[in-house]
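A.B. asks: My file is coords-v2.json. It has JSON, C-alpha atoms:
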```json
[["chain", "number", "residue", "atom", "x", "y", "z"],
["A", 1, "MET", "CA", 0.00, 0.00, 0.00],
["A", 2, "ALA", "CA", 1.16, 3.54, -0.82],
["A", 3, "ILE", "CA", 0.15, 6.11, 1.82],
["A", 4, "THR", "CA", 0.31, 9.88, 1.37],
["A", 5, "ALA", "CA", 0.78, 11.65, 4.70],
["A", 6, "GLY", "CA", -1.34, 14.51, 3.45],
["A", 7, "ILE", "CA", -3.65, 15.15, 0.50],
["A", 8, "GLY", "CA", -2.92, 14.48, -3.18],
["A", 9, "SER", "CA", -1.90, 11.12, -4.59],
["A", 10, "ASP", "CA", -0.75, 12.34, -8.02],
["A", 11, "HIS", "CA", 2.86, 11.44, -7.19],
["A", 12, "VAL", "CA", 1.74, 7.80, -7.33],
["A", 13, "ASP", "CA", 1.19, 6.31, -10.78],
["A", 14, "LEU", "CA", -2.46, 5.50, -10.17],
["A", 15, "GLN", "CA", -2.79, 3.55, -13.41],
["A", 16, "ALA", "CA", 0.10, 1.30, -12.40],
["A", 17, "ALA", "CA", -1.44, 0.88, -8.96],
["A", 18, "ILE", "CA", -4.76, -0.09, -10.54],
["A", 19, "ASP", "CA", -3.11, -2.52, -12.95],
["A", 20, "ARG", "CA", -1.03, -4.15, -10.21],
["A", 21, "LYS", "CA", -3.68, -3.96, -7.47],
["A", 22, "VAL", "CA", -1.57, -1.84, -5.16],
["A", 23, "ASP", "CA", -3.80, 0.04, -2.72],
["A", 24, "VAL", "CA", -3.33, 3.83, -2.47],
["A", 25, "THR", "CA", -4.53, 5.93, 0.46],
["A", 26, "GLU", "CA", -4.21, 9.50, 1.71],
["A", 27, "VAL", "CA", -5.26, 11.40, 4.83],
["A", 28, "THR", "CA", -8.25, 13.22, 3.41],
["A", 29, "PHE", "CA", -9.37, 16.34, 5.32],
["A", 30, "CYS", "CA", -6.08, 16.58, 7.27],
["A", 31, "ASN", "CA", -5.04, 19.95, 5.84],
["A", 32, "SER", "CA", -8.04, 21.15, 3.86],
["A", 33, "ILE", "CA", -8.72, 24.13, 6.14],
["A", 34, "SER", "CA", -5.01, 24.95, 6.33],
["A", 35, "VAL", "CA", -4.87, 25.22, 2.52],
["A", 36, "ALA", "CA", -8.15, 27.15, 2.30],
["A", 37, "GLU", "CA", -6.80, 29.74, 4.74],
["A", 38, "HIS", "CA", -3.62, 30.03, 2.65],
["A", 39, "VAL", "CA", -5.66, 30.54, -0.53],
["A", 40, "SER", "CA", -7.71, 33.29, 1.12],
["A", 41, "MET", "CA", -4.52, 34.99, 2.30],
["A", 42, "MET", "CA", -3.04, 34.84, -1.20],
["A", 43, "ILE", "CA", -6.16, 36.27, -2.84],
["A", 44, "LEU", "CA", -6.05, 39.25, -0.51],
["A", 45, "SER", "CA", -2.27, 39.61, -0.89],
["A", 46, "LEU", "CA", -2.53, 39.79, -4.67],
["A", 47, "VAL", "CA", -5.58, 42.03, -4.93],
["A", 48, "ARG", "CA", -4.40, 44.43, -2.22],
["A", 49, "ASN", "CA", -0.82, 44.45, -3.61],
["A", 50, "TYR", "CA", 0.47, 43.52, -0.17],
["A", 51, "ILE", "CA", 3.95, 42.21, -0.97],
["A", 52, "PRO", "CA", 5.22, 45.35, -2.80],
["A", 53, "SER", "CA", 3.81, 47.46, 0.04],
["A", 54, "TYR", "CA", 5.59, 45.30, 2.61],
["A", 55, "MET", "CA", 8.85, 45.58, 0.65],
["A", 56, "GLN", "CA", 8.51, 49.39, 0.76],
["A", 57, "VAL", "CA", 8.80, 49.14, 4.53],
["A", 58, "VAL", "CA", 11.63, 46.59, 4.47],
["A", 59, "ASN", "CA", 13.60, 48.71, 2.01],
["A", 60, "GLY", "CA", 13.11, 51.93, 3.97],
["A", 61, "GLY", "CA", 10.72, 53.56, 1.49],
["A", 62, "TRP", "CA", 7.40, 55.40, 1.80],
["A", 63, "ASN", "CA", 6.12, 55.63, -1.78],
["A", 64, "ILE", "CA", 2.40, 55.21, -1.21],
["A", 65, "ALA", "CA", 1.56, 55.89, -4.86],
["A", 66, "ASP", "CA", 3.65, 52.89, -5.93],
["A", 67, "CYS", "CA", 2.03, 50.74, -3.25],
["A", 68, "VAL", "CA", -1.55, 51.46, -4.29],
["A", 69, "GLN", "CA", -1.17, 51.64, -8.07],
["A", 70, "ARG", "CA", -2.12, 47.94, -8.29],
["A", 71, "ALA", "CA", -4.29, 47.68, -5.15],
["A", 72, "TYR", "CA", -8.04, 47.04, -5.26],
["A", 73, "ASP", "CA", -10.87, 46.05, -2.95],
["A", 74, "VAL", "CA", -11.84, 42.40, -3.17],
["A", 75, "GLU", "CA", -15.48, 43.35, -2.42],
["A", 76, "GLY", "CA", -17.61, 42.97, -5.53],
["A", 77, "MET", "CA", -15.05, 40.90, -7.40],
["A", 78, "HIS", "CA", -16.06, 37.67, -9.13],
["A", 79, "ILE", "CA", -14.10, 34.81, -7.58],
["A", 80, "GLY", "CA", -14.28, 31.27, -8.92],
["A", 81, "THR", "CA", -12.87, 27.93, -7.88],
["A", 82, "VAL", "CA", -11.92, 25.07, -10.17],
["A", 83, "ALA", "CA", -13.38, 22.25, -8.04],
["A", 84, "ALA", "CA", -15.53, 22.79, -4.97],
["A", 85, "GLY", "CA", -14.59, 19.84, -2.82],
["A", 86, "ARG", "CA", -13.26, 20.10, 0.70],
["A", 87, "ILE", "CA", -10.76, 22.88, -0.07],
["A", 88, "GLY", "CA", -12.65, 24.71, -2.82],
["A", 89, "LEU", "CA", -15.85, 24.97, -0.79],
["A", 90, "ALA", "CA", -13.90, 26.09, 2.27],
["A", 91, "VAL", "CA", -12.36, 28.89, 0.18],
["A", 92, "LEU", "CA", -15.80, 29.99, -1.03],
["A", 93, "ARG", "CA", -17.08, 30.06, 2.55],
["A", 94, "ARG", "CA", -14.13, 32.23, 3.62],
["A", 95, "MET", "CA", -14.54, 34.69, 0.75],
["A", 96, "HIS", "CA", -18.31, 35.01, 1.11],
["A", 97, "PRO", "CA", -18.18, 37.56, 4.00],
["A", 98, "PHE", "CA", -16.04, 39.86, 1.84],
["A", 99, "GLY", "CA", -19.02, 40.54, -0.41],
["A", 100, "CYS", "CA", -17.60, 38.72, -3.43],
["A", 101, "LYS", "CA", -19.64, 37.19, -6.24],
["A", 102, "LEU", "CA", -18.79, 33.50, -6.08],
["A", 103, "HIS", "CA", -18.55, 30.93, -8.86],
["A", 104, "TYR", "CA", -17.50, 27.30, -9.04],
["A", 105, "MET", "CA", -16.89, 24.61, -11.61],
["A", 106, "ASP", "CA", -17.14, 21.01, -10.44],
["A", 107, "ARG", "CA", -18.39, 17.84, -12.11],
["A", 108, "HIS", "CA", -20.28, 17.14, -8.88],
["A", 109, "ARG", "CA", -22.76, 19.96, -8.29],
["A", 110, "LEU", "CA", -23.16, 21.20, -4.72],
["A", 111, "PRO", "CA", -26.52, 20.87, -2.92],
["A", 112, "ALA", "CA", -29.04, 23.58, -3.78],
["A", 113, "ASP", "CA", -29.13, 24.84, -0.18],
["A", 114, "VAL", "CA", -25.36, 25.41, -0.21],
["A", 115, "GLU", "CA", -25.58, 27.28, -3.52],
["A", 116, "ALA", "CA", -28.35, 29.46, -2.10],
["A", 117, "GLU", "CA", -26.53, 30.07, 1.19],
["A", 118, "LEU", "CA", -23.38, 31.37, -0.53],
["A", 119, "GLY", "CA", -25.00, 32.78, -3.67],
["A", 120, "LEU", "CA", -22.96, 30.45, -5.86],
["A", 121, "VAL", "CA", -23.07, 30.30, -9.66],
["A", 122, "HIS", "CA", -22.31, 26.83, -11.01],
["A", 123, "HIS", "CA", -20.50, 26.40, -14.33],
["A", 124, "GLU", "CA", -20.35, 23.24, -16.40],
["A", 125, "THR", "CA", -16.91, 24.06, -17.82],
["A", 126, "VAL", "CA", -13.75, 25.85, -16.73],
["A", 127, "GLU", "CA", -13.96, 28.00, -19.88],
["A", 128, "SER", "CA", -17.41, 29.25, -18.92],
["A", 129, "MET", "CA", -16.32, 30.21, -15.42],
["A", 130, "ILE", "CA", -13.00, 31.93, -16.10],
["A", 131, "LYS", "CA", -14.59, 34.38, -18.53],
["A", 132, "GLU", "CA", -16.63, 35.76, -15.62],
["A", 133, "CYS", "CA", -14.00, 35.82, -12.90],
["A", 134, "ASP", "CA", -11.52, 38.38, -11.64],
["A", 135, "VAL", "CA", -9.82, 35.75, -9.47],
["A", 136, "VAL", "CA", -9.57, 32.03, -10.25],
["A", 137, "THR", "CA", -8.44, 29.65, -7.52],
["A", 138, "ILE", "CA", -7.41, 26.12, -8.50],
["A", 139, "ASN", "CA", -8.39, 23.42, -6.01],
["A", 140, "CYS", "CA", -8.63, 20.25, -8.10],
["A", 141, "PRO", "CA", -6.37, 17.17, -8.04],
["A", 142, "LEU", "CA", -3.72, 16.62, -10.69],
["A", 143, "HIS", "CA", -4.69, 13.82, -13.07],
["A", 144, "PRO", "CA", -4.51, 13.42, -16.86],
["A", 145, "GLU", "CA", -7.57, 15.65, -17.41],
["A", 146, "THR", "CA", -6.14, 18.58, -15.43],
["A", 147, "GLU", "CA", -2.43, 18.40, -16.33],
["A", 148, "HIS", "CA", -1.47, 21.73, -18.01],
["A", 149, "LEU", "CA", -5.14, 22.75, -17.93],
["A", 150, "PHE", "CA", -4.10, 26.38, -17.64],
["A", 151, "ASP", "CA", -1.97, 26.78, -20.75],
["A", 152, "ASP", "CA", -1.64, 29.75, -23.11],
["A", 153, "GLU", "CA", -5.04, 29.05, -24.65],
["A", 154, "MET", "CA", -6.92, 28.75, -21.35],
["A", 155, "ILE", "CA", -5.23, 31.77, -19.77],
["A", 156, "GLY", "CA", -6.02, 33.71, -22.94],
["A", 157, "LYS", "CA", -9.73, 33.13, -22.31],
["A", 158, "MET", "CA", -9.58, 34.77, -18.88],
["A", 159, "LYS", "CA", -10.36, 38.42, -18.26],
["A", 160, "ARG", "CA", -7.32, 40.55, -18.99],
["A", 161, "GLY", "CA", -5.80, 41.62, -15.70],
["A", 162, "SER", "CA", -7.24, 38.77, -13.64],
["A", 163, "TYR", "CA", -5.48, 36.66, -11.01],
["A", 164, "ILE", "CA", -4.74, 32.96, -10.49],
["A", 165, "VAL", "CA", -4.13, 31.29, -7.13],
["A", 166, "ASN", "CA", -2.92, 27.70, -7.41],
["A", 167, "THR", "CA", -2.32, 25.65, -4.27],
["A", 168, "ALA", "CA", -3.34, 22.39, -5.96],
["A", 169, "ARG", "CA", -0.45, 21.11, -8.09],
["A", 170, "GLY", "CA", 2.15, 22.98, -10.13],
["A", 171, "LYS", "CA", 1.61, 20.94, -13.30],
["A", 172, "ILE", "CA", -2.02, 22.05, -13.56],
["A", 173, "CYS", "CA", -0.58, 25.32, -14.87],
["A", 174, "ASP", "CA", 1.86, 25.53, -17.75],
["A", 175, "ARG", "CA", 4.97, 27.03, -16.16],
["A", 176, "ASP", "CA", 6.04, 29.17, -19.11],
["A", 177, "ALA", "CA", 2.50, 30.19, -20.07],
["A", 178, "VAL", "CA", 2.01, 31.71, -16.60],
["A", 179, "ALA", "CA", 5.26, 33.67, -16.85],
["A", 180, "ARG", "CA", 4.32, 34.95, -20.32],
["A", 181, "ALA", "CA", 0.87, 36.02, -19.13],
["A", 182, "LEU", "CA", 2.34, 38.02, -16.27],
["A", 183, "GLU", "CA", 4.87, 39.68, -18.58],
["A", 184, "SER", "CA", 2.13, 40.65, -21.06],
["A", 185, "GLY", "CA", -0.40, 41.80, -18.45],
["A", 186, "GLN", "CA", -2.94, 39.13, -19.36],
["A", 187, "LEU", "CA", -2.59, 38.10, -15.71],
["A", 188, "ALA", "CA", -2.30, 40.81, -13.05],
["A", 189, "GLY", "CA", -0.90, 38.35, -10.54],
["A", 190, "TYR", "CA", -0.19, 34.71, -9.80],
["A", 191, "ALA", "CA", 0.17, 33.11, -6.37],
["A", 192, "GLY", "CA", 0.54, 29.60, -5.09],
["A", 193, "ASP", "CA", 2.76, 27.24, -3.20],
["A", 194, "VAL", "CA", 2.99, 24.35, -5.65],
["A", 195, "TRP", "CA", 5.75, 24.05, -8.23],
["A", 196, "PHE", "CA", 7.07, 21.61, -10.79],
["A", 197, "PRO", "CA", 9.57, 20.30, -10.10],
["A", 198, "GLN", "CA", 9.87, 20.49, -6.35],
["A", 199, "PRO", "CA", 12.11, 21.72, -4.82],
["A", 200, "ALA", "CA", 12.09, 24.48, -7.43],
["A", 201, "PRO", "CA", 15.53, 25.25, -8.90],
["A", 202, "GLN", "CA", 17.00, 28.73, -8.64],
["A", 203, "SER", "CA", 16.37, 29.19, -12.36],
["A", 204, "HIS", "CA", 12.64, 28.43, -12.15],
["A", 205, "PRO", "CA", 10.81, 31.30, -13.92],
["A", 206, "TRP", "CA", 8.21, 31.52, -11.15],
["A", 207, "ARG", "CA", 10.91, 32.83, -8.82],
["A", 208, "SER", "CA", 11.57, 35.90, -10.96],
["A", 209, "MET", "CA", 8.36, 36.58, -12.91],
["A", 210, "PRO", "CA", 6.61, 39.89, -12.13],
["A", 211, "ASN", "CA", 3.64, 40.30, -9.78],
["A", 212, "HIS", "CA", 3.81, 36.92, -8.12],
["A", 213, "ALA", "CA", 3.21, 35.89, -4.50],
["A", 214, "MET", "CA", 4.74, 32.43, -4.46],
["A", 215, "THR", "CA", 5.69, 30.49, -1.35],
["A", 216, "PRO", "CA", 7.39, 27.12, -0.93],
["A", 217, "HIS", "CA", 4.97, 24.21, -0.61],
["A", 218, "THR", "CA", 3.75, 25.21, 2.86],
["A", 219, "SER", "CA", 0.02, 25.87, 2.65],
["A", 220, "GLY", "CA", -1.01, 22.52, 4.12],
["A", 221, "THR", "CA", 1.95, 21.99, 6.43],
["A", 222, "THR", "CA", 1.06, 24.05, 9.48],
["A", 223, "LEU", "CA", 1.89, 22.46, 12.82],
["A", 224, "SER", "CA", -1.86, 22.00, 13.30],
["A", 225, "ALA", "CA", -2.11, 20.04, 10.04],
["A", 226, "GLN", "CA", 0.95, 17.92, 10.80],
["A", 227, "ALA", "CA", -0.72, 16.60, 13.95],
["A", 228, "ARG", "CA", -3.68, 15.51, 11.80],
["A", 229, "TYR", "CA", -1.30, 13.88, 9.23],
["A", 230, "ALA", "CA", 0.20, 11.74, 11.95],
["A", 231, "ALA", "CA", -3.14, 10.68, 13.40],
["A", 232, "GLY", "CA", -4.50, 9.78, 9.96],
["A", 233, "VAL", "CA", -1.46, 7.74, 8.94],
["A", 234, "ARG", "CA", -1.63, 5.85, 12.21],
["A", 235, "GLU", "CA", -5.32, 5.09, 11.65],
["A", 236, "ILE", "CA", -4.67, 3.80, 8.12],
["A", 237, "LEU", "CA", -1.80, 1.58, 9.26],
["A", 238, "GLU", "CA", -3.74, 0.20, 12.23],
["A", 239, "CYS", "CA", -6.70, -0.66, 9.99],
["A", 240, "HIS", "CA", -4.38, -2.26, 7.44],
["A", 241, "PHE", "CA", -2.52, -4.45, 9.92],
["A", 242, "ASP", "CA", -5.64, -5.30, 11.94],
["A", 243, "GLY", "CA", -7.56, -6.31, 8.81],
["A", 244, "LYS", "CA", -10.20, -3.62, 9.35],
["A", 245, "PRO", "CA", -11.79, -1.54, 6.58],
["A", 246, "ILE", "CA", -10.08, 1.75, 5.83],
["A", 247, "ARG", "CA", -12.62, 4.57, 5.84],
["A", 248, "SER", "CA", -13.77, 5.48, 2.34],
["A", 249, "GLU", "CA", -12.57, 9.08, 2.67],
["A", 250, "TYR", "CA", -8.98, 7.80, 2.84],
["A", 251, "GLN", "CA", -9.29, 5.42, -0.13],
["A", 252, "ILE", "CA", -7.85, 6.35, -3.54],
["A", 253, "VAL", "CA", -7.22, 2.94, -5.14],
["A", 254, "MET", "CA", -8.47, -0.29, -3.58],
["A", 255, "ASP", "CA", -8.55, -3.78, -5.06],
["A", 256, "GLY", "CA", -7.46, -2.62, -8.50],
["A", 257, "LYS", "CA", -9.88, 0.27, -9.02],
["A", 258, "LEU", "CA", -10.48, 3.87, -7.99],
["A", 259, "ALA", "CA", -12.39, 3.91, -4.72],
["A", 260, "GLY", "CA", -13.76, 6.31, -2.14],
["A", 261, "THR", "CA", -12.24, 9.77, -2.56],
["A", 262, "GLY", "CA", -10.28, 8.46, -5.54],
["A", 263, "ALA", "CA", -13.44, 7.55, -7.44],
["A", 264, "HIS", "CA", -14.92, 10.96, -6.65],
["A", 265, "SER", "CA", -11.90, 13.12, -7.46],
["A", 266, "TYR", "CA", -9.49, 11.34, -9.82],
["A", 267, "SER", "CA", -9.54, 9.75, -13.26],
["A", 268, "GLU", "CA", -7.58, 6.73, -14.39],
["A", 269, "GLY", "CA", -4.18, 7.30, -15.97],
["A", 270, "ASN", "CA", -0.71, 8.46, -15.01],
["A", 271, "ALA", "CA", 0.08, 12.09, -14.13],
["A", 272, "THR", "CA", 3.60, 11.44, -12.79],
["A", 273, "GLY", "CA", 5.39, 12.30, -16.04],
["A", 274, "GLY", "CA", 8.28, 14.74, -16.00],
["A", 275, "SER", "CA", 10.52, 12.92, -13.56],
["A", 276, "ALA", "CA", 13.36, 13.08, -16.08],
["A", 277, "GLU", "CA", 13.03, 16.87, -16.20],
["A", 278, "ALA", "CA", 13.02, 17.04, -12.42],
["A", 279, "ALA", "CA", 16.18, 14.93, -12.28],
["A", 280, "GLU", "CA", 17.90, 17.32, -14.66],
["A", 281, "TYR", "CA", 17.25, 20.22, -12.28],
["A", 282, "LYS", "CA", 19.00, 18.35, -9.47],
["A", 283, "LYS", "CA", 22.26, 17.98, -11.39]]
```
Please lay out the structure from this file as structure tokens.
C.D. replies:
Amino acid sequence: MAITAGIGSDHVDLQAAIDRKVDVTEVTFCNSISVAEHVSMMILSLVRNYIPSYMQVVNGGWNIADCVQRAYDVEGMHIGTVAAGRIGLAVLRRMHPFGCKLHYMDRHRLPADVEAELGLVHHETVESMIKECDVVTINCPLHPETEHLFDDEMIGKMKRGSYIVNTARGKICDRDAVARALESGQLAGYAGDVWFPQPAPQSHPWRSMPNHAMTPHTSGTTLSAQARYAAGVREILECHFDGKPIRSEYQIVMDGKLAGTGAHSYSEGNATGGSAEAAEYKK
């Protein structure tokens, strides 16, 4: 069995696991709120132009005009999430009090009472949603259907001057397409804590591209979340060795097929490509 002490099993070749009947599990829910809080922070940091303003202080400056030339209120903005599972829905709940107009795209539609409570607009496709949104937050797993989903073509369909926050997986966004969009102004900002490869090399364009708010992969690794990782891994191992069923929320692949959370969130296939490129960076 392959266990992820966290969320996201894309680093496991799920197709190989299915073919060889290797079970795959992860500790679902363990850091969902941690990531949702990080996403909310990044949305506000981008829209309010926080990092350049902070650097004014660090560098001894006081140029308020430079600080506010790219700063806006988030109130009234259209914010949309690609996927509205545990993390995506938690982000929507956190942005709702700011008076934003909220959108989501998910193949599993949320209950009508949740849509009404948060004033959500559901979209059948990513393309439909991004045309409406000022901020797009990516909260879907990496699998063959989402790999490089946000390429030049997709980003080109977004509103000019919009923002992307990606704390899902780096390969959901085309690395060079993001950098080009920031250089051209098609994107006003990009934030996230996921990269490809990881650790990111010094030469990675996301380190030096303009108007970014990148962090290392830390959004789901708070000390609070780490305690939940440990408890979840222990539960999975105890169930495995005691011959007890592993709760469905933790299941990704079981008995040669997608199961539990895996059946809900993933598609069959292999999204682990690029290891050769990652190895090159380490040389």
A.B. asks: For a quick check of understanding, using only C-alpha atoms, which of A:Cys67, A:Leu102, A:Leu223, A:Ala116 has the smallest distance to Met129 in chain A?
C.D. replies: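 Closest candidate: A:Leu102.
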A.B. asks: Per residue of range 91-120 of chain A within 12 Å of range 44-53 of chain A, which atom pair is closest and at what distance in Å (one decimal), using all atoms listed in the file, listed by chain and increasing number, as CSV?
C.D. replies:
```
residue,atom,partner,partner_atom,distance
A:Arg94,CA,A:Leu44,CA,11.5
A:Met95,CA,A:Leu44,CA,9.7
A:Phe98,CA,A:Leu44,CA,10.3
A:Cys100,CA,A:Leu44,CA,11.9
```
A.B. asks: Looking at all atoms listed in the file, which of A:Gly192, A:Gly80, A:Gly161, A:Pro199 is the one that sits closest to Val126 in chain A?
C.D. replies: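 Checking each of A:Gly192, A:Gly80, A:Gly161, A:Pro199 against Val126 in chain A, counting all atoms listed in the file, the winner is A:Gly80.
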A.B. asks: Counting all atoms listed in the file, figure out which residue out of A:Asp113, A:Glu249, A:Asp193, A:Glu235 gets nearest to His38 in chain A.
C.D. replies: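 With all atoms listed in the file as the atom set, the closest residue is A:Asp193.
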A.B. asks: Pick out the residues sitting within 12 Å of Arg109 in chain A, and hand them over as a ChimeraX atom specification; count all atoms listed in the file, and ignore anything fewer than 6 positions along from it in its own chain.
C.D. replies: /A:83-85,89,103,115,120-125
A.B. asks: Skip range 256-273 of chain A itself and residues of its chain fewer than 5 positions away, then list as a short mmCIF file (atom, residue, chain, number, x, y, z; two decimals) with C-alpha atoms, keeping the file's coordinate frame all residues within 6 Å of it, counting only C-alpha atoms.
C.D. replies:
```cif
data_model
loop_
_atom_site.label_atom_id
_atom_site.label_comp_id
_atom_site.auth_asym_id
_atom_site.auth_seq_id
_atom_site.Cartn_x
_atom_site.Cartn_y
_atom_site.Cartn_z
CA HIS A 11 2.86 11.44 -7.19
CA ASP A 13 1.19 6.31 -10.78
CA LEU A 14 -2.46 5.50 -10.17
CA GLN A 15 -2.79 3.55 -13.41
CA ILE A 18 -4.76 -0.09 -10.54
CA LYS A 21 -3.68 -3.96 -7.47
CA HIS A 143 -4.69 13.82 -13.07
CA PRO A 144 -4.51 13.42 -16.86
CA SER A 248 -13.77 5.48 2.34
CA GLU A 249 -12.57 9.08 2.67
CA GLN A 251 -9.29 5.42 -0.13
#
```
A.B. asks: Counting only C-alpha atoms, figure out which residue out of A:Pro216, A:Gly189, A:Gly8, A:Gly60 gets nearest to Ile43 in chain A.
C.D. replies: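 Of A:Pro216, A:Gly189, A:Gly8, A:Gly60, the one nearest Ile43 in chain A, counting only C-alpha atoms, is A:Gly189.
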A.B. asks: Looking at A:Asn139, A:Phe150, A:Trp206, A:Gly61, which one is nearest to Met105 in chain A, with distances taken over only C-alpha atoms?
C.D. replies: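 Result for the nearest residue to Met105 in chain A: A:Asn139.
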A.B. asks: Restricting the calculation to all atoms listed in the file: of A:Arg86, A:Arg175, A:His108, A:His148, which residue gets closest to Val35 in chain A?
C.D. replies: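 Selected residue with least distance to Val35 in chain A: A:Arg86.
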A.B. asks: Rounded to one decimal in Å, what is the spacing between CA of Val91 in chain A and CA of Ile246 in chain A?
C.D. replies: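 Distance between the two atoms: 27.8 Å.
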A.B. asks: Could you check how far CA of Thr25 in chain A sits from CA of Thr221 in chain A, in Å to one decimal?
C.D. replies: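 Computing the Euclidean distance for CA of Thr25 in chain A and CA of Thr221 in chain A yields 18.3 Å.
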A.B. asks: Report, in Å to a single decimal, how far apart CA of Met209 in chain A and CA of Ile155 in chain A are.
C.D. replies: 16.0 Å
A.B. asks: Please return as an MDAnalysis selection string every residue within 12 Å of (1.5, -1.3, -1.3), taking into account all atoms listed in the file and the file's own coordinates.
C.D. replies: chainID A and resid 1:4 12 14 16:18 20:25 237 240 253:256
A.B. asks: Which neighbours of Leu118 in chain A fall inside 9 Å, counting all atoms listed in the file, when residues of the same chain fewer than 4 positions from it are skipped, and could you give them as a list of chain:residue names?
C.D. replies: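 Near Leu118 in chain A, the qualifying residues are A:Leu92, A:Arg93, A:His96, A:Lys101, A:Leu102, A:Asp113, A:Val114.
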A.B. asks: Which residues are close to Ile236 in chain A, i.e. within 9 Å by only C-alpha atoms, leaving aside same-chain residues fewer than 2 positions away? Reply as a PyMOL selection string.
C.D. replies: chain A and resi 3+25-27+231-234+238-241+246-247+250
A.B. asks: How would the residues just chosen look if you wrote them out with C-alpha atoms as a tab-separated table (two decimals), in the coordinates of the input?
C.D. replies:
```tsv
chain	number	residue	atom	x	y	z
A	3	ILE	CA	0.15	6.11	1.82
A	25	THR	CA	-4.53	5.93	0.46
A	26	GLU	CA	-4.21	9.50	1.71
A	27	VAL	CA	-5.26	11.40	4.83
A	231	ALA	CA	-3.14	10.68	13.40
A	232	GLY	CA	-4.50	9.78	9.96
A	233	VAL	CA	-1.46	7.74	8.94
A	234	ARG	CA	-1.63	5.85	12.21
A	238	GLU	CA	-3.74	0.20	12.23
A	239	CYS	CA	-6.70	-0.66	9.99
A	240	HIS	CA	-4.38	-2.26	7.44
A	241	PHE	CA	-2.52	-4.45	9.92
A	246	ILE	CA	-10.08	1.75	5.83
A	247	ARG	CA	-12.62	4.57	5.84
A	250	TYR	CA	-8.98	7.80	2.84
```
A.B. asks: Hey, what's within 12 Å of Ala191 in chain A if we count only C-alpha atoms and toss same-chain stuff fewer than 4 positions away? As a PyMOL selection string, please?
C.D. replies: chain A and resi 38-47+49+51+135-138+162-168+170+173+178-179+182+187+195+206-207+209-217+219
A.B. asks: Write to file, as a CSV table (one decimal), in the coordinates of the input, the residues of the selection just made, with C-alpha atoms.
C.D. replies:
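Saved as out.csv:
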```csv
chain,number,residue,atom,x,y,z
A,38,HIS,CA,-3.6,30.0,2.6
A,39,VAL,CA,-5.7,30.5,-0.5
A,40,SER,CA,-7.7,33.3,1.1
A,41,MET,CA,-4.5,35.0,2.3
A,42,MET,CA,-3.0,34.8,-1.2
A,43,ILE,CA,-6.2,36.3,-2.8
A,44,LEU,CA,-6.0,39.2,-0.5
A,45,SER,CA,-2.3,39.6,-0.9
A,46,LEU,CA,-2.5,39.8,-4.7
A,47,VAL,CA,-5.6,42.0,-4.9
A,49,ASN,CA,-0.8,44.4,-3.6
A,51,ILE,CA,4.0,42.2,-1.0
A,135,VAL,CA,-9.8,35.8,-9.5
A,136,VAL,CA,-9.6,32.0,-10.2
A,137,THR,CA,-8.4,29.6,-7.5
A,138,ILE,CA,-7.4,26.1,-8.5
A,162,SER,CA,-7.2,38.8,-13.6
A,163,TYR,CA,-5.5,36.7,-11.0
A,164,ILE,CA,-4.7,33.0,-10.5
A,165,VAL,CA,-4.1,31.3,-7.1
A,166,ASN,CA,-2.9,27.7,-7.4
A,167,THR,CA,-2.3,25.6,-4.3
A,168,ALA,CA,-3.3,22.4,-6.0
A,170,GLY,CA,2.2,23.0,-10.1
A,173,CYS,CA,-0.6,25.3,-14.9
A,178,VAL,CA,2.0,31.7,-16.6
A,179,ALA,CA,5.3,33.7,-16.8
A,182,LEU,CA,2.3,38.0,-16.3
A,187,LEU,CA,-2.6,38.1,-15.7
A,195,TRP,CA,5.8,24.0,-8.2
A,206,TRP,CA,8.2,31.5,-11.2
A,207,ARG,CA,10.9,32.8,-8.8
A,209,MET,CA,8.4,36.6,-12.9
A,210,PRO,CA,6.6,39.9,-12.1
A,211,ASN,CA,3.6,40.3,-9.8
A,212,HIS,CA,3.8,36.9,-8.1
A,213,ALA,CA,3.2,35.9,-4.5
A,214,MET,CA,4.7,32.4,-4.5
A,215,THR,CA,5.7,30.5,-1.4
A,216,PRO,CA,7.4,27.1,-0.9
A,217,HIS,CA,5.0,24.2,-0.6
A,219,SER,CA,0.0,25.9,2.6
```
